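These notes concern the structure reproduced below.
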Amino acid sequence: FGWSVAGGGDLNGDGLGDAIVGVPQTGVAGAGGYVTAFSSTAANGGSVGFWNGSSGDRMGWSVASVGDVDGDGEDDVIAGARASLGTGGARPDYFSVLSASYPSWRAIYECHEGWGESVGATGDMDGDGFADFVVGNLVGASVRAYYSTHQGSPAYTRFRGIACPGANGHLPHIGIRGRSRLGTVPDVTLRGATELTAIALGWGDPTTAALDIIGANGCSLYVNPWSTISGGTDAAGLASIPFSVPNDSGLLEVPIEMQFFIVDFLIAAPLKVTLSNSMKFVLGE
């Protein structure tokens, strides 16, 4: 009891914050673990919710209060399950977003793709009025940021890989302003790059390939580009490129991998290019 804990929002509507507790192992063989929450007052016997995992899931490995994800006016909970440990690899880790409306909880969204070892709240990252969140994957050394809404499929963004430094010694990093949803124009951002130089944003399918053999020492390619968009950095090594997403339902949940290529004539490597880490966003509604 108490493997993971988090300060909750107001889960039972009494105007006071509550506490969330994850219990991934109960001491009973095959138990699925659970998540519970407690009121900061004595009302309702102290308990304001409960959620069980399936046998061996180790539900409650990680927990967080994520604000109002589903738009019902009440704060919600995200919980991770280390099912890969509890089932000997038979099932992947996963996480559940739980509508914590008192007195019964329900799953708003679940992802069974190996994510959930760590979870966290971010607030409203894209300004749409709904709470967003992040989840981690230790094996994949990656983090996803989810942009939640009260309906449809949530968009998410994942970052992976390691950038290679430019002559300025900085690691160029890719980012996003806005949301990867249909019919929007988020800005794909770059920071830490060489100042006042040409760049290209490649987007397409994911890949992983070391580029030392062609003279880009210490760099890795993470995207097999379908296309590129040209641009340039400012005097601070920053850049922002608008990326127009068609309002086409056929693209829903389609993943797009992105990486920046930065011209840097001052580096010692034969190929005068450095690369950022990569970003994958999956389109949502």
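Starting from 1 in every chain, residues are counted up; chains themselves are A, B, ... following the order of the structure tokens, and ligands are numbered from 1 as listed.
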Residue contacts of region 9-15 of chain A (7 Å, only C-alpha atoms) excluding same-chain residues fewer than 2 positions away, as a PDB file with C-alpha atoms, in the first residue's frame:
```
ATOM      1  CA  GLY A   7      -2.237  14.901  -4.529  1.00  0.00           C
ATOM      2  CA  GLY A  17      -8.388  18.299  -2.519  1.00  0.00           C
ATOM      3  CA  ASP A  18      -8.171  14.524  -2.137  1.00  0.00           C
ATOM      4  CA  VAL A  48     -13.964   8.589  -2.738  1.00  0.00           C
ATOM      5  CA  SER A  65      -4.466  13.671 -10.768  1.00  0.00           C
ATOM      6  CA  GLY A  67      -7.743  17.685 -13.852  1.00  0.00           C
ATOM      7  CA  GLU A  74     -14.859  17.052 -12.032  1.00  0.00           C
ATOM      8  CA  ASP A  75     -11.191  16.130 -11.734  1.00  0.00           C
ATOM      9  CA  ALA A 100     -13.382   9.887 -11.062  1.00  0.00           C
ATOM     10  CA  SER A 101     -16.973  11.074 -10.690  1.00  0.00           C
ATOM     11  CA  TYR A 102     -18.027  10.106  -7.172  1.00  0.00           C
TER      12      TYR A 102
END
```
Report as CSV the residues of region 96-213 of chain A within 12 Å of region 78-85 of chain A, each with its shortest atom pair and distance in Å (one decimal), using only C-alpha atoms, ordered by chain and increasing residue number.
```
residue,atom,partner,partner_atom,distance
A:Ser96,CA,A:Ala79,CA,5.4
A:Val97,CA,A:Ile78,CA,4.4
A:Leu98,CA,A:Ile78,CA,5.9
A:Ser99,CA,A:Ile78,CA,8.8
A:Ala100,CA,A:Ile78,CA,9.6
A:Trp105,CA,A:Ile78,CA,11.4
A:Arg106,CA,A:Ile78,CA,11.2
A:Ala107,CA,A:Ile78,CA,9.4
A:Ile108,CA,A:Ile78,CA,9.8
A:Tyr109,CA,A:Ile78,CA,9.5
A:Glu110,CA,A:Ile78,CA,9.6
A:Cys111,CA,A:Gly80,CA,9.8
A:His112,CA,A:Ala83,CA,9.5
A:Glu113,CA,A:Ser84,CA,10.6
A:Gly114,CA,A:Ser84,CA,8.0
A:Trp115,CA,A:Gly80,CA,7.7
A:Gly116,CA,A:Gly80,CA,4.2
A:Glu117,CA,A:Gly80,CA,5.9
A:Ser118,CA,A:Gly80,CA,6.8
A:Val119,CA,A:Gly80,CA,6.8
A:Gly120,CA,A:Ile78,CA,7.9
A:Ala121,CA,A:Ile78,CA,8.6
A:Thr122,CA,A:Ile78,CA,11.9
A:Ala131,CA,A:Ile78,CA,11.4
A:Asp132,CA,A:Ile78,CA,10.6
A:Phe133,CA,A:Ile78,CA,8.5
A:Val134,CA,A:Ile78,CA,9.7
A:Val135,CA,A:Gly80,CA,8.5
A:Gly136,CA,A:Gly80,CA,9.5
A:Asn137,CA,A:Arg82,CA,10.5
A:Leu138,CA,A:Arg82,CA,11.0
A:Val139,CA,A:Ser84,CA,11.0
A:Tyr146,CA,A:Ile78,CA,11.7
```
Could I get the residues of region 100-179 of chain A with an atom no further than 10 Å from an atom of region 195-207 of chain A, each paired with its nearest atom pair and that distance in Å to one decimal, using only C-alpha atoms, sorted by chain and residue number, as a Markdown table?
```
| residue | atom | partner | partner_atom | distance |
| --- | --- | --- | --- | --- |
| A:Gly166 | CA | A:Glu195 | CA | 9.9 |
| A:Asn168 | CA | A:Glu195 | CA | 8.7 |
| A:Ile174 | CA | A:Leu201 | CA | 9.6 |
```
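Atom pair CA of Gly183 (chain A) / CA of Gly127 (chain A): separated by 15.9 Å.
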Can you list, as a compact mmCIF listing (two decimals) with C-alpha atoms, in the first residue's frame, every protein, DNA or RNA residue that comes within 12 Å of Tyr156 (chain A) when you count only C-alpha atoms, leaving out same-chain residues fewer than 5 positions away?
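Saved the output as result_13.txt:
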```txt
# COMPACT_ATOMS: atom_id res chain seq x y z
CA CYS A 111 -3.58 2.47 -24.04
CA MET A 125 -1.06 22.49 -22.83
CA ASP A 126 -3.00 23.47 -25.95
CA ASP A 132 -3.64 17.14 -20.76
CA PHE A 133 -1.09 14.63 -19.46
CA VAL A 134 2.19 12.78 -20.11
CA VAL A 135 3.16 9.10 -19.83
CA VAL A 143 7.70 10.16 -23.30
CA ARG A 144 4.27 10.84 -24.79
CA ALA A 145 2.24 14.00 -24.27
CA TYR A 146 -1.51 13.49 -24.69
CA TYR A 147 -3.87 16.30 -25.69
CA SER A 148 -7.21 15.26 -24.27
CA THR A 149 -10.71 16.22 -25.26
CA ILE A 176 5.44 21.52 -30.81
CA GLY A 178 -0.48 23.66 -30.55
CA ARG A 179 -2.13 20.32 -30.97
CA SER A 180 -1.76 17.43 -33.40
CA ARG A 181 -5.42 17.27 -34.33
CA LEU A 252 -7.22 9.85 -37.61
CA GLU A 253 -4.68 8.07 -35.37
CA VAL A 254 -2.10 8.10 -38.18
CA PRO A 255 1.44 8.53 -36.74
CA ILE A 256 3.82 11.05 -38.30
CA MET A 279 8.97 13.70 -32.48
CA LYS A 280 6.07 11.48 -33.42
CA PHE A 281 2.59 12.83 -33.28
CA VAL A 282 -0.55 10.82 -33.70
CA LEU A 283 -3.48 12.76 -35.08
CA GLY A 284 -6.63 13.02 -32.97
CA GLU A 285 -9.97 14.76 -33.16
```
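You can rank A:Val77, A:Val263, A:Ala31, A:Leu275 by their closest distance to Arg58 (chain A) using only C-alpha atoms, and at the top of that list sits A:Ala31.
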Within region 129-257 of chain A, find each residue whose DSSP state, derived from the backbone, is strand (DSSP E), and express the selection as a PyMOL selection string.
chain A and resi 132-137+142-147+155-160+173-177+187-191+198-210+220-232+239-242+255-257
Can you check which residues of region 67-122 of chain A DSSP gives as alpha helix (DSSP H) on the backbone and send them as number ranges by chain?
A: 83-86
Spatial neighbours of region 216-222 of chain A, max dist 9 Å, only C-alpha atoms, sep filter under 5 positions, as a PyMOL selection string:
chain A and resi 160-165+205-211+257-259+269-279
Next, dump the selected residues to file, keeping only C-alpha atoms, as a PDB file, in the first residue's frame.
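Written file, out.pdb:
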```
ATOM      1  CA  ARG A 160      12.588   9.884 -28.706  1.00  0.00           C
ATOM      2  CA  GLY A 161      16.234   9.660 -29.651  1.00  0.00           C
ATOM      3  CA  ILE A 162      19.280  11.809 -28.973  1.00  0.00           C
ATOM      4  CA  ALA A 163      20.250  14.919 -30.908  1.00  0.00           C
ATOM      5  CA  CYS A 164      23.835  15.470 -32.068  1.00  0.00           C
ATOM      6  CA  PRO A 165      25.489  18.737 -31.013  1.00  0.00           C
ATOM      7  CA  ASP A 205       7.852   7.105 -41.350  1.00  0.00           C
ATOM      8  CA  PRO A 206       9.953   6.259 -38.277  1.00  0.00           C
ATOM      9  CA  THR A 207      13.356   4.610 -38.614  1.00  0.00           C
ATOM     10  CA  THR A 208      16.603   4.434 -36.638  1.00  0.00           C
ATOM     11  CA  ALA A 209      19.968   4.584 -38.395  1.00  0.00           C
ATOM     12  CA  ALA A 210      23.411   5.797 -37.297  1.00  0.00           C
ATOM     13  CA  LEU A 211      24.906   8.273 -39.782  1.00  0.00           C
ATOM     14  CA  GLU A 257       7.523  11.108 -37.344  1.00  0.00           C
ATOM     15  CA  MET A 258       9.469  14.384 -37.575  1.00  0.00           C
ATOM     16  CA  GLN A 259      13.112  15.450 -37.254  1.00  0.00           C
ATOM     17  CA  ALA A 269      32.506  16.271 -39.087  1.00  0.00           C
ATOM     18  CA  PRO A 270      32.780  15.775 -42.862  1.00  0.00           C
ATOM     19  CA  LEU A 271      29.025  16.201 -43.344  1.00  0.00           C
ATOM     20  CA  LYS A 272      28.167  19.732 -42.246  1.00  0.00           C
ATOM     21  CA  VAL A 273      24.775  18.833 -40.819  1.00  0.00           C
ATOM     22  CA  THR A 274      23.486  18.176 -37.319  1.00  0.00           C
ATOM     23  CA  LEU A 275      20.164  16.556 -36.416  1.00  0.00           C
ATOM     24  CA  SER A 276      17.627  17.041 -33.656  1.00  0.00           C
ATOM     25  CA  ASN A 277      15.944  14.315 -31.673  1.00  0.00           C
ATOM     26  CA  SER A 278      12.651  13.118 -33.154  1.00  0.00           C
ATOM     27  CA  MET A 279       8.971  13.701 -32.483  1.00  0.00           C
TER      28      MET A 279
END
```
Give me the residues within 10 Å of Trp3 (chain A) as a PyMOL selection string, counting only C-alpha atoms and dropping any in the same chain fewer than 4 places off.
chain A and resi 21-25+60-63
Expressed in Å, the length from CA of Gly8 (chain A) to CA of Gly32 (chain A) is 22.2 Å
